[in-house]
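Shown here: input_20.cif, mmCIF, N, CA and C atoms.
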```cif
data_my_file
#
loop_
_atom_site.label_atom_id
_atom_site.label_comp_id
_atom_site.auth_asym_id
_atom_site.auth_seq_id
_atom_site.Cartn_x
_atom_site.Cartn_y
_atom_site.Cartn_z
N MET J 1 0.04 0.49 -15.64
CA MET J 1 1.11 0.84 -14.73
C MET J 1 2.40 0.18 -15.23
N GLU J 2 3.48 0.92 -15.16
CA GLU J 2 4.77 0.42 -15.61
C GLU J 2 5.33 -0.62 -14.65
N SER J 3 6.14 -1.50 -15.19
CA SER J 3 6.82 -2.50 -14.37
C SER J 3 7.92 -1.82 -13.56
N LEU J 4 8.18 -2.37 -12.37
CA LEU J 4 9.22 -1.83 -11.51
C LEU J 4 10.56 -2.47 -11.83
N LYS J 5 11.61 -1.68 -11.67
CA LYS J 5 12.97 -2.19 -11.70
C LYS J 5 13.79 -1.25 -10.83
N PHE J 6 14.26 -1.77 -9.70
CA PHE J 6 15.05 -0.98 -8.76
C PHE J 6 16.37 -1.68 -8.49
N VAL J 7 17.39 -0.88 -8.27
CA VAL J 7 18.66 -1.37 -7.77
C VAL J 7 18.91 -0.62 -6.47
N ALA J 8 19.20 -1.36 -5.42
CA ALA J 8 19.46 -0.75 -4.11
C ALA J 8 20.93 -0.97 -3.75
N LEU J 9 21.61 0.15 -3.49
CA LEU J 9 23.02 0.09 -3.14
C LEU J 9 23.31 0.72 -1.78
N ASP J 10 22.28 1.24 -1.13
CA ASP J 10 22.45 1.83 0.20
C ASP J 10 21.15 1.65 0.99
N PRO J 11 21.18 1.91 2.29
CA PRO J 11 19.99 1.69 3.12
C PRO J 11 18.75 2.47 2.67
N ASP J 12 18.92 3.68 2.15
CA ASP J 12 17.77 4.46 1.68
C ASP J 12 17.13 3.79 0.47
N ASP J 13 17.95 3.29 -0.45
CA ASP J 13 17.42 2.56 -1.61
C ASP J 13 16.68 1.31 -1.15
N LEU J 14 17.25 0.61 -0.16
CA LEU J 14 16.63 -0.62 0.33
C LEU J 14 15.26 -0.35 0.95
N GLU J 15 15.11 0.80 1.59
CA GLU J 15 13.80 1.18 2.15
C GLU J 15 12.75 1.29 1.06
N VAL J 16 13.11 1.83 -0.09
CA VAL J 16 12.18 1.94 -1.22
C VAL J 16 11.78 0.54 -1.69
N VAL J 17 12.75 -0.36 -1.83
CA VAL J 17 12.46 -1.72 -2.23
C VAL J 17 11.54 -2.38 -1.21
N SER J 18 11.85 -2.20 0.07
CA SER J 18 11.04 -2.79 1.14
C SER J 18 9.60 -2.30 1.08
N THR J 19 9.42 -1.02 0.81
CA THR J 19 8.07 -0.45 0.72
C THR J 19 7.28 -1.11 -0.40
N HIS J 20 7.90 -1.30 -1.54
CA HIS J 20 7.21 -1.92 -2.67
C HIS J 20 6.92 -3.40 -2.44
N LEU J 21 7.67 -4.02 -1.53
CA LEU J 21 7.48 -5.45 -1.27
C LEU J 21 6.64 -5.72 -0.03
N GLN J 22 6.13 -4.68 0.60
CA GLN J 22 5.28 -4.89 1.78
C GLN J 22 4.12 -5.79 1.39
N ASP J 23 3.93 -6.86 2.14
CA ASP J 23 2.88 -7.85 1.93
C ASP J 23 3.07 -8.72 0.70
N ALA J 24 4.29 -8.80 0.20
CA ALA J 24 4.57 -9.74 -0.90
C ALA J 24 4.46 -11.17 -0.37
N GLU J 25 3.95 -12.05 -1.22
CA GLU J 25 3.86 -13.46 -0.87
C GLU J 25 5.08 -14.17 -1.45
N VAL J 26 5.72 -14.98 -0.60
CA VAL J 26 6.93 -15.69 -1.00
C VAL J 26 6.74 -17.17 -0.68
N LYS J 27 6.73 -18.00 -1.69
CA LYS J 27 6.64 -19.44 -1.49
C LYS J 27 8.03 -19.94 -1.15
N VAL J 28 8.15 -20.80 -0.14
CA VAL J 28 9.45 -21.31 0.29
C VAL J 28 10.21 -21.93 -0.89
N ALA J 29 9.50 -22.58 -1.79
CA ALA J 29 10.15 -23.19 -2.96
C ALA J 29 10.78 -22.15 -3.88
N ASP J 30 10.37 -20.88 -3.74
CA ASP J 30 10.90 -19.81 -4.59
C ASP J 30 12.03 -19.02 -3.93
N VAL J 31 12.61 -19.58 -2.86
CA VAL J 31 13.77 -18.98 -2.20
C VAL J 31 14.98 -19.82 -2.61
N HIS J 32 15.93 -19.19 -3.31
CA HIS J 32 17.08 -19.92 -3.85
C HIS J 32 18.39 -19.31 -3.33
N TRP J 33 19.05 -20.04 -2.44
CA TRP J 33 20.34 -19.63 -1.90
C TRP J 33 21.42 -20.30 -2.74
N ARG J 34 22.30 -19.47 -3.32
CA ARG J 34 23.38 -19.96 -4.17
C ARG J 34 24.72 -19.52 -3.56
N PRO J 35 25.22 -20.29 -2.59
CA PRO J 35 26.43 -19.87 -1.87
C PRO J 35 27.67 -19.71 -2.75
N GLN J 36 27.81 -20.55 -3.78
CA GLN J 36 28.99 -20.43 -4.65
C GLN J 36 28.98 -19.11 -5.42
N GLU J 37 27.78 -18.57 -5.67
CA GLU J 37 27.64 -17.30 -6.39
C GLU J 37 27.49 -16.12 -5.43
N LYS J 38 27.45 -16.40 -4.13
CA LYS J 38 27.20 -15.37 -3.11
C LYS J 38 25.90 -14.62 -3.43
N ARG J 39 24.84 -15.38 -3.69
CA ARG J 39 23.60 -14.78 -4.17
C ARG J 39 22.39 -15.47 -3.54
N LEU J 40 21.38 -14.66 -3.21
CA LEU J 40 20.07 -15.16 -2.80
C LEU J 40 19.06 -14.57 -3.76
N VAL J 41 18.22 -15.43 -4.35
CA VAL J 41 17.20 -14.99 -5.29
C VAL J 41 15.85 -15.49 -4.78
N LEU J 42 14.87 -14.59 -4.79
CA LEU J 42 13.52 -14.95 -4.38
C LEU J 42 12.54 -14.59 -5.48
N GLY J 43 11.63 -15.50 -5.76
CA GLY J 43 10.49 -15.19 -6.60
C GLY J 43 9.37 -14.74 -5.68
N VAL J 44 8.80 -13.58 -5.92
CA VAL J 44 7.77 -13.03 -5.04
C VAL J 44 6.55 -12.60 -5.84
N ASP J 45 5.42 -12.61 -5.18
CA ASP J 45 4.19 -12.06 -5.75
C ASP J 45 3.87 -10.83 -4.92
N ARG J 46 4.27 -9.67 -5.43
CA ARG J 46 4.10 -8.44 -4.65
C ARG J 46 2.72 -7.84 -4.90
N PHE J 47 2.12 -7.33 -3.84
CA PHE J 47 0.85 -6.63 -3.99
C PHE J 47 1.16 -5.27 -4.59
N ASP J 48 0.43 -4.88 -5.61
CA ASP J 48 0.69 -3.62 -6.31
C ASP J 48 -0.04 -2.49 -5.58
N TRP J 49 0.60 -1.97 -4.54
CA TRP J 49 -0.01 -0.90 -3.74
C TRP J 49 -0.19 0.37 -4.56
N GLN J 50 0.65 0.59 -5.58
CA GLN J 50 0.52 1.79 -6.42
C GLN J 50 -0.79 1.79 -7.20
N ALA J 51 -1.29 0.62 -7.55
CA ALA J 51 -2.51 0.54 -8.35
C ALA J 51 -3.77 0.63 -7.49
N TRP J 52 -3.61 0.43 -6.17
CA TRP J 52 -4.78 0.41 -5.30
C TRP J 52 -4.91 1.74 -4.57
N ASN J 53 -6.14 2.29 -4.55
CA ASN J 53 -6.46 3.42 -3.69
C ASN J 53 -7.97 3.41 -3.49
N ALA J 54 -8.47 4.22 -2.59
CA ALA J 54 -9.89 4.19 -2.24
C ALA J 54 -10.79 4.48 -3.43
N SER J 55 -10.37 5.39 -4.32
CA SER J 55 -11.22 5.72 -5.47
C SER J 55 -11.07 4.71 -6.61
N ASN J 56 -9.98 3.93 -6.60
CA ASN J 56 -9.76 2.91 -7.62
C ASN J 56 -9.24 1.65 -6.93
N PRO J 57 -10.14 0.89 -6.30
CA PRO J 57 -9.70 -0.27 -5.51
C PRO J 57 -9.35 -1.49 -6.37
N GLU J 58 -8.45 -1.30 -7.31
CA GLU J 58 -8.01 -2.40 -8.17
C GLU J 58 -6.96 -3.22 -7.42
N MET J 59 -7.27 -4.48 -7.19
CA MET J 59 -6.37 -5.34 -6.44
C MET J 59 -5.64 -6.26 -7.41
N ARG J 60 -4.30 -6.18 -7.36
CA ARG J 60 -3.52 -7.05 -8.23
C ARG J 60 -2.15 -7.32 -7.63
N ARG J 61 -1.57 -8.39 -8.12
CA ARG J 61 -0.22 -8.78 -7.71
C ARG J 61 0.63 -8.90 -8.97
N ARG J 62 1.92 -8.67 -8.77
CA ARG J 62 2.87 -8.80 -9.87
C ARG J 62 3.95 -9.80 -9.47
N ARG J 63 4.26 -10.70 -10.38
CA ARG J 63 5.36 -11.64 -10.16
C ARG J 63 6.65 -10.85 -10.33
N SER J 64 7.51 -10.97 -9.34
CA SER J 64 8.76 -10.20 -9.33
C SER J 64 9.91 -11.08 -8.85
N ALA J 65 11.11 -10.63 -9.17
CA ALA J 65 12.32 -11.30 -8.68
C ALA J 65 13.07 -10.32 -7.79
N LEU J 66 13.54 -10.84 -6.67
CA LEU J 66 14.34 -10.06 -5.73
C LEU J 66 15.68 -10.76 -5.60
N ARG J 67 16.76 -10.04 -5.90
CA ARG J 67 18.09 -10.64 -5.90
C ARG J 67 19.03 -9.88 -4.97
N PHE J 68 19.72 -10.63 -4.13
CA PHE J 68 20.75 -10.07 -3.25
C PHE J 68 22.08 -10.66 -3.70
N ASP J 69 23.05 -9.80 -4.01
CA ASP J 69 24.39 -10.24 -4.37
C ASP J 69 25.36 -9.93 -3.25
N ARG J 70 26.54 -10.55 -3.33
CA ARG J 70 27.61 -10.36 -2.35
C ARG J 70 27.20 -10.81 -0.96
N VAL J 71 26.43 -11.91 -0.94
CA VAL J 71 25.94 -12.49 0.31
C VAL J 71 26.95 -13.52 0.81
N LEU J 72 27.42 -13.31 2.03
CA LEU J 72 28.41 -14.21 2.61
C LEU J 72 27.77 -15.40 3.32
N CYS J 73 26.57 -15.17 3.86
CA CYS J 73 25.92 -16.18 4.68
C CYS J 73 24.42 -15.94 4.67
N CYS J 74 23.65 -17.02 4.65
CA CYS J 74 22.19 -16.92 4.70
C CYS J 74 21.69 -17.84 5.81
N LYS J 75 21.00 -17.28 6.78
CA LYS J 75 20.44 -18.07 7.88
C LYS J 75 18.93 -17.92 7.89
N CYS J 76 18.27 -19.02 8.24
CA CYS J 76 16.80 -19.05 8.27
C CYS J 76 16.30 -19.19 9.69
N LYS J 77 15.21 -18.50 9.98
CA LYS J 77 14.52 -18.66 11.26
C LYS J 77 13.08 -19.03 10.93
N GLN J 78 12.66 -20.19 11.36
CA GLN J 78 11.31 -20.69 11.13
C GLN J 78 10.96 -20.80 9.63
N VAL J 79 11.96 -21.04 8.81
CA VAL J 79 11.73 -21.27 7.38
C VAL J 79 12.35 -22.63 7.07
N ALA J 80 11.50 -23.63 6.88
CA ALA J 80 11.97 -24.99 6.64
C ALA J 80 12.01 -25.27 5.13
N PRO J 81 13.19 -25.52 4.58
CA PRO J 81 13.31 -25.77 3.14
C PRO J 81 12.45 -26.94 2.65
N ASP J 82 12.15 -27.90 3.52
CA ASP J 82 11.35 -29.05 3.09
C ASP J 82 9.85 -28.74 3.05
N HIS J 83 9.42 -27.58 3.54
CA HIS J 83 8.01 -27.16 3.44
C HIS J 83 7.86 -26.22 2.25
N LYS J 84 8.12 -26.74 1.07
CA LYS J 84 8.19 -25.92 -0.15
C LYS J 84 6.89 -25.21 -0.52
N ASP J 85 5.75 -25.74 -0.12
CA ASP J 85 4.47 -25.12 -0.47
C ASP J 85 4.05 -24.02 0.50
N LYS J 86 4.76 -23.86 1.60
CA LYS J 86 4.41 -22.83 2.57
C LYS J 86 4.60 -21.44 1.96
N VAL J 87 3.62 -20.57 2.17
CA VAL J 87 3.69 -19.20 1.65
C VAL J 87 3.94 -18.26 2.83
N LEU J 88 4.97 -17.44 2.69
CA LEU J 88 5.34 -16.45 3.70
C LEU J 88 4.87 -15.07 3.26
N ASN J 89 4.50 -14.24 4.21
CA ASN J 89 4.08 -12.87 3.93
C ASN J 89 5.20 -11.92 4.37
N LEU J 90 5.84 -11.27 3.41
CA LEU J 90 6.96 -10.38 3.70
C LEU J 90 6.46 -9.05 4.26
N LEU J 91 6.94 -8.71 5.44
CA LEU J 91 6.55 -7.44 6.07
C LEU J 91 7.54 -6.33 5.76
N ALA J 92 8.84 -6.64 5.82
CA ALA J 92 9.83 -5.59 5.62
C ALA J 92 11.21 -6.21 5.34
N ILE J 93 12.08 -5.38 4.78
CA ILE J 93 13.48 -5.73 4.59
C ILE J 93 14.28 -4.67 5.34
N GLU J 94 15.10 -5.12 6.28
CA GLU J 94 15.86 -4.20 7.13
C GLU J 94 17.35 -4.39 6.90
N PHE J 95 18.11 -3.32 7.18
CA PHE J 95 19.57 -3.38 7.04
C PHE J 95 20.21 -2.81 8.29
N GLU J 96 21.22 -3.52 8.78
CA GLU J 96 22.01 -3.04 9.92
C GLU J 96 23.48 -3.11 9.53
N SER J 97 24.14 -1.97 9.58
CA SER J 97 25.55 -1.91 9.21
C SER J 97 26.40 -2.59 10.28
N THR J 98 27.40 -3.35 9.82
CA THR J 98 28.36 -3.96 10.74
C THR J 98 29.76 -3.40 10.49
N GLY J 99 29.82 -2.37 9.69
CA GLY J 99 31.08 -1.74 9.30
C GLY J 99 31.04 -1.47 7.82
N THR J 100 31.01 -0.21 7.46
CA THR J 100 30.81 0.20 6.08
C THR J 100 31.74 -0.55 5.13
N PRO J 101 31.27 -1.12 4.06
CA PRO J 101 29.89 -1.17 3.57
C PRO J 101 29.14 -2.43 3.98
N ALA J 102 29.77 -3.29 4.80
CA ALA J 102 29.17 -4.57 5.17
C ALA J 102 28.01 -4.40 6.14
N GLY J 103 27.20 -5.46 6.22
CA GLY J 103 26.09 -5.40 7.14
C GLY J 103 25.26 -6.66 7.12
N VAL J 104 24.09 -6.56 7.77
CA VAL J 104 23.15 -7.67 7.86
C VAL J 104 21.82 -7.20 7.30
N VAL J 105 21.30 -7.95 6.34
CA VAL J 105 19.98 -7.71 5.78
C VAL J 105 19.05 -8.74 6.39
N THR J 106 17.90 -8.29 6.89
CA THR J 106 16.91 -9.21 7.45
C THR J 106 15.60 -9.05 6.71
N LEU J 107 15.10 -10.16 6.17
CA LEU J 107 13.78 -10.20 5.57
C LEU J 107 12.84 -10.70 6.66
N VAL J 108 11.92 -9.85 7.06
CA VAL J 108 11.01 -10.14 8.17
C VAL J 108 9.65 -10.55 7.61
N PHE J 109 9.18 -11.73 8.03
CA PHE J 109 7.89 -12.25 7.58
C PHE J 109 6.90 -12.27 8.74
N SER J 110 5.61 -12.16 8.42
CA SER J 110 4.60 -12.18 9.47
C SER J 110 4.64 -13.52 10.20
N GLY J 111 4.38 -13.47 11.50
CA GLY J 111 4.36 -14.67 12.32
C GLY J 111 5.70 -15.11 12.85
N GLY J 112 6.79 -14.41 12.51
CA GLY J 112 8.09 -14.73 13.08
C GLY J 112 9.18 -15.23 12.16
N PRO J 113 8.86 -15.87 11.02
CA PRO J 113 9.96 -16.32 10.15
C PRO J 113 10.82 -15.15 9.67
N ALA J 114 12.08 -15.46 9.39
CA ALA J 114 13.00 -14.43 8.90
C ALA J 114 14.15 -15.08 8.15
N LEU J 115 14.72 -14.32 7.23
CA LEU J 115 15.96 -14.69 6.56
C LEU J 115 16.97 -13.63 6.93
N ARG J 116 18.15 -14.06 7.37
CA ARG J 116 19.21 -13.14 7.79
C ARG J 116 20.40 -13.33 6.86
N LEU J 117 20.77 -12.25 6.17
CA LEU J 117 21.86 -12.31 5.20
C LEU J 117 23.03 -11.45 5.67
N GLU J 118 24.20 -12.04 5.78
CA GLU J 118 25.40 -11.26 6.02
C GLU J 118 25.95 -10.88 4.65
N VAL J 119 26.11 -9.57 4.41
CA VAL J 119 26.51 -9.11 3.09
C VAL J 119 27.80 -8.30 3.14
N GLU J 120 28.61 -8.41 2.07
CA GLU J 120 29.81 -7.59 1.93
C GLU J 120 29.43 -6.13 1.81
N CYS J 121 28.33 -5.90 1.07
CA CYS J 121 27.78 -4.57 0.85
C CYS J 121 26.37 -4.76 0.31
N LEU J 122 25.60 -3.70 0.26
CA LEU J 122 24.26 -3.79 -0.31
C LEU J 122 24.33 -3.79 -1.83
N GLU J 123 23.81 -4.84 -2.41
CA GLU J 123 23.68 -4.93 -3.86
C GLU J 123 22.43 -5.76 -4.13
N VAL J 124 21.31 -5.04 -4.33
CA VAL J 124 19.99 -5.66 -4.40
C VAL J 124 19.27 -5.20 -5.66
N GLU J 125 18.53 -6.11 -6.28
CA GLU J 125 17.73 -5.74 -7.44
C GLU J 125 16.33 -6.31 -7.28
N LEU J 126 15.33 -5.48 -7.58
CA LEU J 126 13.93 -5.88 -7.63
C LEU J 126 13.44 -5.58 -9.03
N VAL J 127 12.87 -6.59 -9.69
CA VAL J 127 12.37 -6.39 -11.05
C VAL J 127 11.07 -7.18 -11.23
N ASP J 128 10.07 -6.52 -11.82
CA ASP J 128 8.83 -7.19 -12.17
C ASP J 128 9.09 -8.07 -13.38
N LEU J 129 8.48 -9.26 -13.38
CA LEU J 129 8.74 -10.23 -14.44
C LEU J 129 7.65 -10.32 -15.49
N GLY J 130 6.51 -9.74 -15.21
CA GLY J 130 5.42 -9.85 -16.17
C GLY J 130 4.27 -8.96 -15.80
N PRO J 131 3.15 -9.14 -16.49
CA PRO J 131 1.98 -8.29 -16.23
C PRO J 131 1.34 -8.58 -14.88
N ALA J 132 0.55 -7.64 -14.42
CA ALA J 132 -0.17 -7.79 -13.16
C ALA J 132 -1.29 -8.80 -13.33
N LYS J 133 -1.59 -9.48 -12.22
CA LYS J 133 -2.70 -10.44 -12.20
C LYS J 133 -3.68 -10.02 -11.11
N PHE J 134 -4.95 -10.28 -11.36
CA PHE J 134 -6.00 -9.94 -10.40
C PHE J 134 -5.75 -10.64 -9.07
N ALA J 135 -5.94 -9.91 -7.97
CA ALA J 135 -5.84 -10.47 -6.62
C ALA J 135 -7.23 -10.44 -5.99
N GLU J 136 -7.60 -11.53 -5.34
CA GLU J 136 -8.93 -11.61 -4.75
C GLU J 136 -9.05 -10.82 -3.45
N THR J 137 -7.95 -10.67 -2.75
CA THR J 137 -7.99 -9.95 -1.48
C THR J 137 -6.88 -8.93 -1.42
N ARG J 138 -7.09 -7.95 -0.55
CA ARG J 138 -6.08 -6.92 -0.31
C ARG J 138 -5.52 -7.13 1.09
N PRO J 139 -4.20 -7.10 1.23
CA PRO J 139 -3.62 -7.24 2.57
C PRO J 139 -4.11 -6.12 3.47
N ALA J 140 -4.11 -6.37 4.77
CA ALA J 140 -4.49 -5.35 5.73
C ALA J 140 -3.53 -4.18 5.61
N ASN J 141 -4.07 -2.99 5.53
CA ASN J 141 -3.25 -1.78 5.42
C ASN J 141 -2.96 -1.28 6.82
N PRO J 142 -1.69 -1.19 7.22
CA PRO J 142 -1.36 -0.78 8.59
C PRO J 142 -1.89 0.61 8.93
N ALA J 143 -2.07 1.47 7.95
CA ALA J 143 -2.59 2.81 8.23
C ALA J 143 -4.07 2.75 8.62
N GLU J 144 -4.77 1.72 8.14
CA GLU J 144 -6.19 1.56 8.46
C GLU J 144 -6.41 0.81 9.76
N ALA J 145 -5.55 -0.17 10.03
CA ALA J 145 -5.69 -0.99 11.23
C ALA J 145 -4.30 -1.34 11.74
N PRO J 146 -3.73 -0.50 12.60
CA PRO J 146 -2.35 -0.68 13.03
C PRO J 146 -2.03 -2.04 13.62
N ASP J 147 -3.00 -2.71 14.24
CA ASP J 147 -2.72 -3.99 14.87
C ASP J 147 -3.04 -5.18 13.99
N ALA J 148 -3.50 -4.95 12.77
CA ALA J 148 -3.97 -6.02 11.90
C ALA J 148 -2.83 -6.95 11.46
N ARG J 149 -1.58 -6.50 11.49
CA ARG J 149 -0.48 -7.29 10.96
C ARG J 149 0.33 -7.95 12.05
N HIS J 150 -0.09 -7.87 13.29
CA HIS J 150 0.71 -8.46 14.38
C HIS J 150 0.12 -9.74 14.85
#
```
Using structure tokens, write down the structure that the file contains.
Amino acid sequence: MESLKFVALDPDDLEVVSTHLQDAEVKVADVHWRPQEKRLVLGVDRFDWQAWNASNPEMRRRRSALRFDRVLCCKCKQVAPDHKDKVLNLLAIEFESTGTPAGVVTLVFSGGPALRLEVECLEVELVDLGPAKFAETRPANPAEAPDARH
């Protein structure tokens, strides 16, 4: 399977990125807010949903980088920077316009944690950094068990 590389410049693009990052694992130590650069960078281990299906249940994760540019402000909810070993499960990335092209990007994690980014505009990049690695478990698929992720 080919490595992913996406650039998101509008809400529809961001939905595609969000879909590929559903159930990505994010270690708190891999969240890097760079206010002088107006940038947030996350190292993520995304579950490769494209490689998994019922007839070929290959479970793997890919190390990826997620970058948000033109970020004016980054706020955390239930994400403590001093708990660097804590692993968060990314459920979705949402965008709410506050006046074209500005808006708020919210990274929603299972159990309540969230990152809220005020952005000048959407400028996001997702890129795989290397080969896939075997994963021992598969995240609960919402289509199979709608309540499994709540």
**Asked** Counting all atoms listed in the file, what is within 5 Å of J:Leu117, bar same-chain residues fewer than 6 positions away, as a PyMOL selection string?
**Response** chain J and resi 73-74+104-106
**Message:** For the structure I just gave you, how does DSSP split chain J - specifically, which residues are strand (DSSP E)? Reply as a ChimeraX atom specification.
**Reply:** /J:5-8,24-27,31-34,39-47,52-53,56-57,60-69,71-77,87-99,102-109,114-119,124-134
**Request:** For the file shown, report as number ranges by chain the outcome of the PyMOL selection byres (((chain J and resi 81 and name CA) around 9) and name CA) at residue level.
**Result:** J: 28-29, 31, 79-80, 82-84
**Which of J:Val7, J:Ala102, J:Ala114, J:Val108 sits closest to J:Leu66 [using only C-alpha atoms]** =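 Smallest separation from J:Leu66 among the options: J:Val7.
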**Request:** For atom CA of J:Glu25 and atom CA of J:Glu94, quote the distance in Å rounded to one decimal.
**Result:**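 According to the coordinates, atom CA of J:Glu25 and atom CA of J:Glu94 are separated by 17.1 Å.
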**Prompt:** What does the distance between atom CA of J:Asp128 and atom N of J:Gln78 come to in Å, to one decimal place?
**Reply:**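 Atom N of J:Gln78 lies 27.2 Å from atom CA of J:Asp128.
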**Request:** Compute the distance from (2.6, -11.1, -2.5) to each atom, counting only N, CA and C atoms, keep the residues with any atom at most 6.5 Å away, and return them as a list in words; use the coordinates of the file.
**Result:**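 Output of the proximity query reads Asp23, Ala24, Glu25, Val26, Val44, Asp45, Arg46, Phe47 and Arg61 of chain J.
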**Message:** To test your reading of the syntax: which residues would the PyMOL selection byres (((chain J and resi 137 and name CA) around 9) and name CA) return for the file shown? Reply as a PyMOL selection string.
**Reply:** chain J and resi 59-60+135-136+138-139
**Message:** Would you compute the distance between atom CA of J:Pro131 and atom CA of J:Ala65? Give it in Å to one decimal.
**Reply:** 13.2 Å
**For J:Val119, the nearest of the candidates J:Ala132, J:Val87, J:Glu58, J:Val71, counting only N, CA and C atoms** = J:Val71
**Asked** Care to translate the PyMOL selection byres ((chain J and resi 121) around 6) into actual residues of this file, as a list in words?
**Response**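 This file, filtered by the PyMOL selection byres ((chain J and resi 121) around 6), leaves Arg70, Pro101, Ala102, Gly103, Val119, Glu120, Leu122 and Glu123 of chain J.
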